[in-house]
file my_file_10.tsv (TSV, C-alpha atoms)
chain	number	residue	atom	x	y	z
G	29	MET	CA	93.85	90.29	154.09
G	30	ASN	CA	93.29	87.38	151.74
G	31	ARG	CA	91.65	84.14	152.74
G	32	ILE	CA	90.24	81.06	151.02
G	33	SER	CA	87.99	78.31	152.43
G	34	VAL	CA	86.58	75.04	151.16
G	35	GLN	CA	83.69	73.93	153.35
G	36	THR	CA	80.46	71.92	153.51
G	37	GLU	CA	78.69	74.56	155.65
G	38	PRO	CA	76.71	77.45	154.13
G	39	PHE	CA	78.27	80.92	154.34
G	40	ASP	CA	76.82	84.27	155.44
G	41	ILE	CA	77.30	86.58	152.46
G	42	ALA	CA	76.65	89.81	154.36
G	43	ALA	CA	78.92	88.86	157.26
G	44	VAL	CA	81.78	87.98	154.90
G	45	GLN	CA	81.45	91.28	153.04
G	46	ASP	CA	81.29	93.29	156.29
G	47	LYS	CA	84.40	91.59	157.63
G	48	LEU	CA	86.34	92.25	154.43
G	49	ARG	CA	85.97	96.02	154.71
G	50	ALA	CA	85.77	96.37	158.53
G	51	GLY	CA	88.29	98.74	160.02
G	52	ASN	CA	89.70	99.89	156.69
G	53	PRO	CA	88.31	103.30	155.66
G	54	ALA	CA	90.54	103.26	152.55
G	55	VAL	CA	88.22	100.67	150.97
G	56	GLY	CA	86.00	102.45	148.45
G	57	ALA	CA	84.66	99.45	146.54
G	58	LEU	CA	83.60	95.95	147.39
G	59	VAL	CA	82.62	93.61	144.56
G	60	SER	CA	81.16	90.15	145.20
G	61	PHE	CA	80.30	87.30	142.88
G	62	ILE	CA	78.01	84.59	144.22
G	63	GLY	CA	77.55	81.42	142.19
G	64	LEU	CA	74.21	79.72	142.87
G	65	MET	CA	72.88	76.28	142.15
G	66	ARG	CA	70.33	76.37	139.33
G	67	ASP	CA	67.37	73.96	139.17
G	68	ILE	CA	67.77	73.47	135.41
G	69	ASN	CA	70.85	72.30	133.52
G	70	GLU	CA	71.06	71.20	129.88
G	71	GLY	CA	67.26	71.44	129.78
G	72	ASP	CA	66.65	68.99	132.64
G	73	ALA	CA	65.30	69.67	136.13
G	74	VAL	CA	68.02	69.11	138.74
G	75	SER	CA	66.95	68.18	142.28
G	76	THR	CA	70.32	68.07	144.10
G	77	MET	CA	73.99	68.37	143.33
G	78	THR	CA	77.10	66.90	144.94
G	79	LEU	CA	80.42	68.70	144.71
G	80	GLU	CA	83.59	66.63	144.94
G	81	HIS	CA	87.08	68.12	145.22
G	82	TYR	CA	90.74	67.20	145.60
G	83	PRO	CA	91.60	68.10	149.21
G	84	GLY	CA	95.00	69.76	149.38
G	85	MET	CA	95.23	70.67	145.72
G	86	THR	CA	91.99	72.67	145.86
G	87	GLU	CA	93.33	74.96	148.59
G	88	LYS	CA	96.66	75.37	146.78
G	89	ALA	CA	94.92	76.20	143.49
G	90	LEU	CA	92.65	78.79	145.12
G	91	GLU	CA	95.58	80.37	146.97
G	92	ALA	CA	97.56	80.60	143.72
G	93	ILE	CA	94.63	82.27	141.90
G	94	VAL	CA	94.11	84.77	144.72
G	95	ALA	CA	97.84	85.56	144.83
G	96	GLU	CA	97.85	86.19	141.08
G	97	ALA	CA	94.86	88.55	141.31
G	98	ASP	CA	96.55	90.40	144.17
G	99	GLU	CA	99.64	90.86	142.02
G	100	ARG	CA	97.74	92.06	138.92
G	101	TRP	CA	95.54	94.63	140.67
G	102	ASP	CA	95.80	97.01	143.60
G	103	LEU	CA	93.50	95.35	146.13
G	104	MET	CA	92.67	95.61	149.83
G	105	GLY	CA	91.38	92.14	150.59
G	106	ILE	CA	90.13	89.00	148.84
G	107	ARG	CA	87.83	86.33	150.27
G	108	VAL	CA	86.97	83.13	148.41
G	109	ILE	CA	84.64	80.49	149.87
G	110	HIS	CA	83.64	77.38	147.92
G	111	ARG	CA	81.23	74.79	149.21
G	112	VAL	CA	81.51	71.03	148.69
G	113	GLY	CA	79.17	68.16	149.47
G	114	GLU	CA	75.45	68.12	148.79
G	115	LEU	CA	73.67	71.27	147.54
G	116	LYS	CA	70.11	72.16	146.61
G	117	PRO	CA	68.74	74.62	144.03
G	118	GLN	CA	69.23	78.25	145.13
G	119	ASP	CA	72.09	77.33	147.50
G	120	PRO	CA	75.12	79.59	147.14
G	121	ILE	CA	78.04	77.47	145.86
G	122	VAL	CA	80.85	79.99	145.70
G	123	LEU	CA	81.56	83.49	146.96
G	124	VAL	CA	84.34	85.69	145.61
G	125	ALA	CA	84.57	89.06	147.37
G	126	VAL	CA	87.18	91.69	146.53
G	127	ALA	CA	87.84	95.03	148.25
G	128	SER	CA	89.78	97.92	146.71
G	129	ALA	CA	89.98	101.70	146.74
G	130	HIS	CA	88.09	102.06	143.45
G	131	ARG	CA	85.56	99.87	141.66
G	132	GLY	CA	87.52	99.14	138.47
G	133	GLU	CA	90.20	97.07	140.18
G	134	ALA	CA	87.68	95.17	142.31
G	135	PHE	CA	85.38	94.36	139.35
G	136	ARG	CA	88.22	93.08	137.19
G	137	ALA	CA	89.88	91.07	139.97
G	138	CYS	CA	86.58	89.46	140.99
G	139	GLU	CA	85.82	88.33	137.44
G	140	PHE	CA	89.40	87.12	136.93
G	141	ILE	CA	89.24	84.99	140.10
G	142	ILE	CA	85.97	83.24	139.21
G	143	ASP	CA	87.10	82.70	135.58
G	144	TYR	CA	90.34	81.09	136.77
G	145	LEU	CA	88.61	79.12	139.52
G	146	LYS	CA	86.25	77.54	137.00
G	147	ASN	CA	89.15	76.20	134.95
G	148	ARG	CA	91.91	75.56	137.50
G	149	ALA	CA	90.44	74.56	140.85
G	150	PRO	CA	89.78	70.81	141.15
G	151	PHE	CA	86.03	70.68	141.84
G	152	TRP	CA	83.55	68.40	140.07
G	153	LYS	CA	79.77	68.65	140.06
G	154	LYS	CA	77.48	65.65	139.93
G	155	GLU	CA	73.79	66.41	139.55
G	156	ARG	CA	70.68	64.35	140.20
G	157	THR	CA	67.85	64.53	137.67
G	158	ALA	CA	64.70	62.42	137.22
G	159	ALA	CA	66.80	60.11	135.02
G	160	GLY	CA	69.44	59.53	137.72
G	161	GLU	CA	72.86	60.98	138.52
G	162	ARG	CA	75.25	62.48	135.97
G	163	TRP	CA	78.57	64.33	136.02
G	164	VAL	CA	78.45	67.88	134.74
G	165	ASP	CA	80.63	68.46	131.66
G	166	ALA	CA	83.10	71.33	131.47
G	167	ARG	CA	81.96	74.20	129.24
G	168	HIS	CA	84.04	75.53	126.37
G	169	SER	CA	82.81	79.06	127.20
G	170	ASP	CA	84.52	78.80	130.61
G	171	LYS	CA	87.83	78.07	128.91
G	172	GLU	CA	87.38	81.09	126.63
G	173	ALA	CA	86.56	83.26	129.65
G	174	GLU	CA	89.86	82.23	131.25
G	175	GLU	CA	91.92	82.71	128.09
G	176	ARG	CA	90.88	86.33	127.53
G	177	TRP	CA	92.84	87.32	130.65
G	178	SER	CA	96.09	86.36	128.96
G	179	GLU	CA	95.38	88.20	125.69
R	15	MET	CA	106.69	54.14	144.86
R	16	ILE	CA	104.26	56.82	143.72
R	17	ARG	CA	100.70	57.43	144.83
R	18	ILE	CA	98.07	57.90	142.10
R	19	LEU	CA	94.68	59.47	142.79
R	20	TYR	CA	91.58	59.35	140.57
R	21	PHE	CA	88.62	61.73	140.87
R	22	ALA	CA	84.99	62.18	139.87
R	23	ARG	CA	83.81	60.40	136.69
R	24	LEU	CA	87.24	58.78	136.28
R	25	ARG	CA	87.17	57.36	139.82
R	26	GLU	CA	83.78	55.78	139.13
R	27	GLN	CA	84.85	54.45	135.74
R	28	LEU	CA	87.99	52.80	137.19
R	29	GLN	CA	86.21	51.79	140.42
R	30	THR	CA	89.15	52.97	142.49
R	31	ASP	CA	90.12	56.27	144.06
R	32	SER	CA	93.83	55.61	144.55
R	33	GLU	CA	96.69	53.18	144.28
R	34	ARG	CA	100.39	52.88	145.01
R	35	LEU	CA	102.65	52.00	142.13
R	36	GLU	CA	106.30	50.98	141.97
R	37	LEU	CA	107.51	53.38	139.29
R	38	PRO	CA	109.25	51.55	136.42
R	39	ALA	CA	112.57	53.17	135.49
R	40	ASP	CA	111.39	54.15	132.00
R	41	ILE	CA	108.31	56.02	133.27
R	42	THR	CA	109.56	59.57	133.79
R	43	ASP	CA	106.63	61.80	132.81
R	44	ILE	CA	102.84	62.01	132.78
R	45	ALA	CA	102.58	60.91	129.13
R	46	ALA	CA	104.51	57.70	129.85
R	47	LEU	CA	102.48	56.97	132.99
R	48	SER	CA	99.24	57.46	131.03
R	49	ARG	CA	100.45	54.96	128.43
R	50	LEU	CA	101.32	52.46	131.16
R	51	LEU	CA	97.85	52.78	132.72
R	52	ARG	CA	96.13	52.60	129.32
R	53	ALA	CA	97.97	49.33	128.60
R	54	ARG	CA	96.05	47.67	131.44
R	55	GLY	CA	93.18	47.37	128.95
R	56	GLY	CA	89.42	47.40	129.57
R	57	VAL	CA	88.13	50.48	131.36
R	58	TRP	CA	91.72	51.71	131.76
R	59	GLU	CA	92.20	51.75	128.02
R	60	GLU	CA	88.90	53.59	127.56
R	61	ALA	CA	89.62	56.13	130.30
R	62	PHE	CA	93.16	56.95	129.22
R	63	SER	CA	92.54	57.04	125.46
R	64	GLY	CA	90.57	60.28	125.40
R	65	PRO	CA	92.34	63.62	125.05
R	66	THR	CA	90.40	65.33	127.82
R	67	LEU	CA	91.88	64.02	131.10
R	68	MET	CA	93.72	66.52	133.28
R	69	SER	CA	96.56	65.62	135.62
R	70	ALA	CA	98.46	66.98	138.58
R	71	VAL	CA	101.83	66.21	140.14
R	72	ASN	CA	102.22	66.97	143.84
R	73	GLN	CA	98.94	68.91	143.71
R	74	GLU	CA	100.03	71.27	140.90
R	75	VAL	CA	98.37	71.15	137.46
R	76	ALA	CA	100.56	69.09	135.12
R	77	ASN	CA	100.79	68.42	131.39
R	78	PRO	CA	102.01	65.38	129.42
R	79	ASP	CA	105.63	66.57	129.68
R	80	THR	CA	105.60	67.07	133.46
R	81	ALA	CA	108.26	64.91	135.10
R	82	ILE	CA	107.36	62.36	137.75
R	83	ALA	CA	109.70	60.73	140.25
R	84	ASP	CA	109.64	58.32	143.15
R	85	GLY	CA	107.62	59.65	146.09
R	86	ASP	CA	105.36	61.88	143.98
R	87	GLU	CA	101.60	62.21	144.36
R	88	VAL	CA	100.07	62.05	140.88
R	89	ALA	CA	96.39	62.64	140.12
R	90	PHE	CA	94.23	62.14	137.04
R	91	PHE	CA	90.80	63.73	136.68
R	92	PRO	CA	88.22	65.01	134.17
R	93	PRO	CA	88.08	68.73	133.29
R	94	VAL	CA	87.04	70.64	136.41
R	95	THR	CA	83.51	72.01	136.87
R	96	GLY	CA	83.50	74.10	140.05
R	97	GLY	CA	82.24	77.61	140.62

call {"tool": "encode", "arguments": {"input": "my_file_10.tsv", "output": "structure tokens"}}
result
Amino acid sequence: MNRISVQTEPFDIAAVQDKLRAGNPAVGALVSFIGLMRDINEGDAVSTMTLEHYPGMTEKALEAIVAEADERWDLMGIRVIHRVGELKPQDPIVLVAVASAHRGEAFRACEFIIDYLKNRAPFWKKERTAAGERWVDARHSDKEAEERWSE
Amino acid sequence: MIRILYFARLREQLQTDSERLELPADITDIAALSRLLRARGGVWEEAFSGPTLMSAVNQEVANPDTAIADGDEVAFFPPVTGG
């Protein structure tokens, strides 16, 4: 079963992983990626971060990415949770969990989903440093990470 | 009438998060709408002159050639930075 959520509340990583494989003995691999808030960006200490998104489009974009992963690989469940609102260093921001019979499919699908999410889902980070607030710029390396999936 | 949404840095730069616009007959795609908004001058000219803005039509990622029509929801925003 595939499911996506966009929420302000924290998520329970272990509970999400348990639920993804519960009752399905055919699952032989579960791969999770958890994106965390760092306390340093571009060399500056960051105290808090606010995540803005485009309600409606965000959910559609995440559903489209999950559907594409499900089509490319043989999977047994995908769960994506992305937080919005105010976050502090060490807070989990995003969880991508993928279940499959064997590890190869789950590893590849998990990386594909986060690479696509970073370039296609309408989220924006604004961070607070000692000098004030600033919007985080998109990274060229994220674009390259997405493009290698279409090579 | 179309609805236009602005997000993140762009929303702050323009000091508005949305507007409704009577779509002129000659504005049929994202490129033409961007030119129309840029022609407002000031911060609009600055914001819509760069090559980096992304857009969406009816909540799907768009490009300059994407068609727009009456009733559409159009959005402009900076490159995304989630994850």

call {"tool": "interface_residues", "arguments": {"input": "my_file_10.tsv", "of": "chain G", "to": "chain R", "cutoff": "9 Å", "atoms": "only C-alpha atoms", "output": "ChimeraX atom specification"}}
result
/G:62-64,79-82,84-86,88-89,110,121-123,142-143,145-154,162-167

call {"tool": "residues_around", "arguments": {"input": "my_file_10.tsv", "residues": "stretch 38-50 of chain R", "least_positions_apart": "2", "cutoff": "8 Å", "atoms": "all atoms listed in the file", "output": "VMD selection string"}}
result
chain R and resid 36 52 to 54 62 69 76 to 83

call {"tool": "residues_near_point", "arguments": {"input": "my_file_10.tsv", "point": "(101.4, 53.7, 142.7)", "cutoff": "9 Å", "atoms": "all atoms listed in the file", "output": "list of chain:residue names"}}
result
R:Met15, R:Ile16, R:Arg17, R:Ile18, R:Leu19, R:Ser32, R:Glu33, R:Arg34, R:Leu35, R:Glu36, R:Leu37, R:Glu87, R:Val88

call {"tool": "write_last_selection", "arguments": {"input": "my_file_10.tsv", "atoms": "C-alpha atoms", "output": "JSON list (two decimals), in the coordinates of the input"}}
result
[["chain", "number", "residue", "atom", "x", "y", "z"],
["R", 15, "MET", "CA", 106.69, 54.14, 144.86],
["R", 16, "ILE", "CA", 104.26, 56.82, 143.72],
["R", 17, "ARG", "CA", 100.70, 57.43, 144.83],
["R", 18, "ILE", "CA", 98.07, 57.90, 142.10],
["R", 19, "LEU", "CA", 94.68, 59.47, 142.79],
["R", 32, "SER", "CA", 93.83, 55.61, 144.55],
["R", 33, "GLU", "CA", 96.69, 53.18, 144.28],
["R", 34, "ARG", "CA", 100.39, 52.88, 145.01],
["R", 35, "LEU", "CA", 102.65, 52.00, 142.13],
["R", 36, "GLU", "CA", 106.30, 50.98, 141.97],
["R", 37, "LEU", "CA", 107.51, 53.38, 139.29],
["R", 87, "GLU", "CA", 101.60, 62.21, 144.36],
["R", 88, "VAL", "CA", 100.07, 62.05, 140.88]]

call {"tool": "closest_residue", "arguments": {"input": "my_file_10.tsv", "among": "G:Gln35, G:Asn30, G:Ser178, G:Thr157", "to": "G:Pro83", "atoms": "all atoms listed in the file"}}
result
G:Gln35

call {"tool": "residues_around", "arguments": {"input": "my_file_10.tsv", "residues": "G:Val126", "least_positions_apart": "6", "cutoff": "8 Å", "atoms": "only C-alpha atoms", "output": "JSON, numbers by chain"}}
result
{"G": [48, 58, 59, 60, 103, 104, 105, 106, 107, 134, 135, 137, 138]}

call {"tool": "atom_distance", "arguments": {"input": "my_file_10.tsv", "atom1": "atom CA of G:Gln118", "atom2": "atom CA of G:Arg66"}}
result
6.2 Å

call {"tool": "closest_residue", "arguments": {"input": "my_file_10.tsv", "among": "G:Arg31, G:Asp67, G:Trp101, G:His130", "to": "G:Lys47", "atoms": "only C-alpha atoms"}}
result
G:Arg31

call {"tool": "closest_residue", "arguments": {"input": "my_file_10.tsv", "among": "G:Arg136, G:Arg49, G:Arg100, G:Arg156", "to": "G:Ala73", "atoms": "only C-alpha atoms"}}
result
G:Arg156

call {"tool": "axis_aligned_box", "arguments": {"input": "my_file_10.tsv", "around": "stretch 125-139 of chain G", "padding_each_side": "4 Å", "output": "lines of an AutoDock Vina configuration file"}}
result
center_x = 87.4
center_y = 95.2
center_z = 142.7
size_x = 13.6
size_y = 21.7
size_z = 19.1

call {"tool": "atom_distance", "arguments": {"input": "my_file_10.tsv", "atom1": "atom CA of G:Gln45", "atom2": "atom CA of G:Val108"}}
result
10.9 Å

call {"tool": "atom_distance", "arguments": {"input": "my_file_10.tsv", "atom1": "atom CA of G:Ile32", "atom2": "atom CA of R:Glu26"}}
result
28.7 Å

call {"tool": "residues_around", "arguments": {"input": "my_file_10.tsv", "residues": "G:Ala57", "least_positions_apart": "5", "cutoff": "6 Å", "atoms": "all atoms listed in the file", "output": "PDB file with C-alpha atoms, in the frame of the given file"}}
result
ATOM      1  CA  ALA G 127      87.840  95.030 148.250  1.00  0.00           C
ATOM      2  CA  SER G 128      89.780  97.920 146.710  1.00  0.00           C
ATOM      3  CA  ALA G 129      89.980 101.700 146.740  1.00  0.00           C
ATOM      4  CA  HIS G 130      88.090 102.060 143.450  1.00  0.00           C
ATOM      5  CA  ARG G 131      85.560  99.870 141.660  1.00  0.00           C
TER       6      ARG G 131
END

call {"tool": "build_atoms", "arguments": {"input": "my_file_10.tsv", "residues": "stretch 31-56 of chain G", "atoms": "N, CA and C atoms", "output": "compact mmCIF listing (two decimals), in the frame of the given file"}}
result
# COMPACT_ATOMS: atom_id res chain seq x y z
N ARG G 31 91.94 85.42 152.11
CA ARG G 31 91.65 84.14 152.74
C ARG G 31 90.79 83.28 151.83
N ILE G 32 91.06 81.98 151.80
CA ILE G 32 90.24 81.06 151.02
C ILE G 32 89.72 79.96 151.95
N SER G 33 88.53 79.43 151.65
CA SER G 33 87.99 78.31 152.43
C SER G 33 87.27 77.35 151.50
N VAL G 34 87.37 76.09 151.82
CA VAL G 34 86.58 75.04 151.16
C VAL G 34 85.80 74.38 152.29
N GLN G 35 84.48 74.38 152.21
CA GLN G 35 83.69 73.93 153.35
C GLN G 35 82.35 73.34 152.93
N THR G 36 81.79 72.48 153.78
CA THR G 36 80.46 71.92 153.51
C THR G 36 79.37 72.88 154.01
N GLU G 37 79.69 73.69 155.04
CA GLU G 37 78.69 74.56 155.65
C GLU G 37 78.32 75.73 154.73
N PRO G 38 77.08 76.23 154.85
CA PRO G 38 76.71 77.45 154.13
C PRO G 38 77.53 78.63 154.65
N PHE G 39 77.57 79.73 153.87
CA PHE G 39 78.27 80.92 154.34
C PHE G 39 77.31 82.10 154.38
N ASP G 40 77.65 83.07 155.26
CA ASP G 40 76.82 84.27 155.44
C ASP G 40 77.41 85.38 154.57
N ILE G 41 76.76 85.65 153.46
CA ILE G 41 77.30 86.58 152.46
C ILE G 41 77.53 87.97 153.06
N ALA G 42 76.54 88.46 153.79
CA ALA G 42 76.65 89.81 154.36
C ALA G 42 77.78 89.89 155.38
N ALA G 43 77.89 88.86 156.23
CA ALA G 43 78.92 88.86 157.26
C ALA G 43 80.32 88.84 156.64
N VAL G 44 80.48 88.07 155.57
CA VAL G 44 81.78 87.98 154.90
C VAL G 44 82.15 89.33 154.29
N GLN G 45 81.18 89.97 153.66
CA GLN G 45 81.45 91.28 153.04
C GLN G 45 81.79 92.33 154.10
N ASP G 46 81.04 92.31 155.21
CA ASP G 46 81.29 93.29 156.29
C ASP G 46 82.70 93.12 156.84
N LYS G 47 83.09 91.86 157.03
CA LYS G 47 84.40 91.59 157.63
C LYS G 47 85.54 92.05 156.71
N LEU G 48 85.29 91.92 155.40
CA LEU G 48 86.34 92.25 154.43
C LEU G 48 86.68 93.74 154.43
N ARG G 49 85.71 94.58 154.75
CA ARG G 49 85.97 96.02 154.71
C ARG G 49 86.11 96.64 156.11
N ALA G 50 85.78 95.84 157.16
CA ALA G 50 85.77 96.37 158.53
C ALA G 50 87.12 96.95 158.93
N GLY G 51 87.08 98.13 159.50
CA GLY G 51 88.29 98.74 160.02
C GLY G 51 89.24 99.29 158.99
N ASN G 52 88.82 99.32 157.72
CA ASN G 52 89.70 99.89 156.69
C ASN G 52 88.96 100.95 155.88
N PRO G 53 89.03 102.22 156.33
CA PRO G 53 88.31 103.30 155.66
C PRO G 53 88.86 103.64 154.27
N ALA G 54 90.00 103.02 153.90
CA ALA G 54 90.54 103.26 152.55
C ALA G 54 89.79 102.46 151.49
N VAL G 55 88.99 101.48 151.93
CA VAL G 55 88.22 100.67 150.97
C VAL G 55 87.08 101.51 150.40
N GLY G 56 87.06 101.67 149.09
CA GLY G 56 86.00 102.45 148.45
C GLY G 56 85.09 101.61 147.59
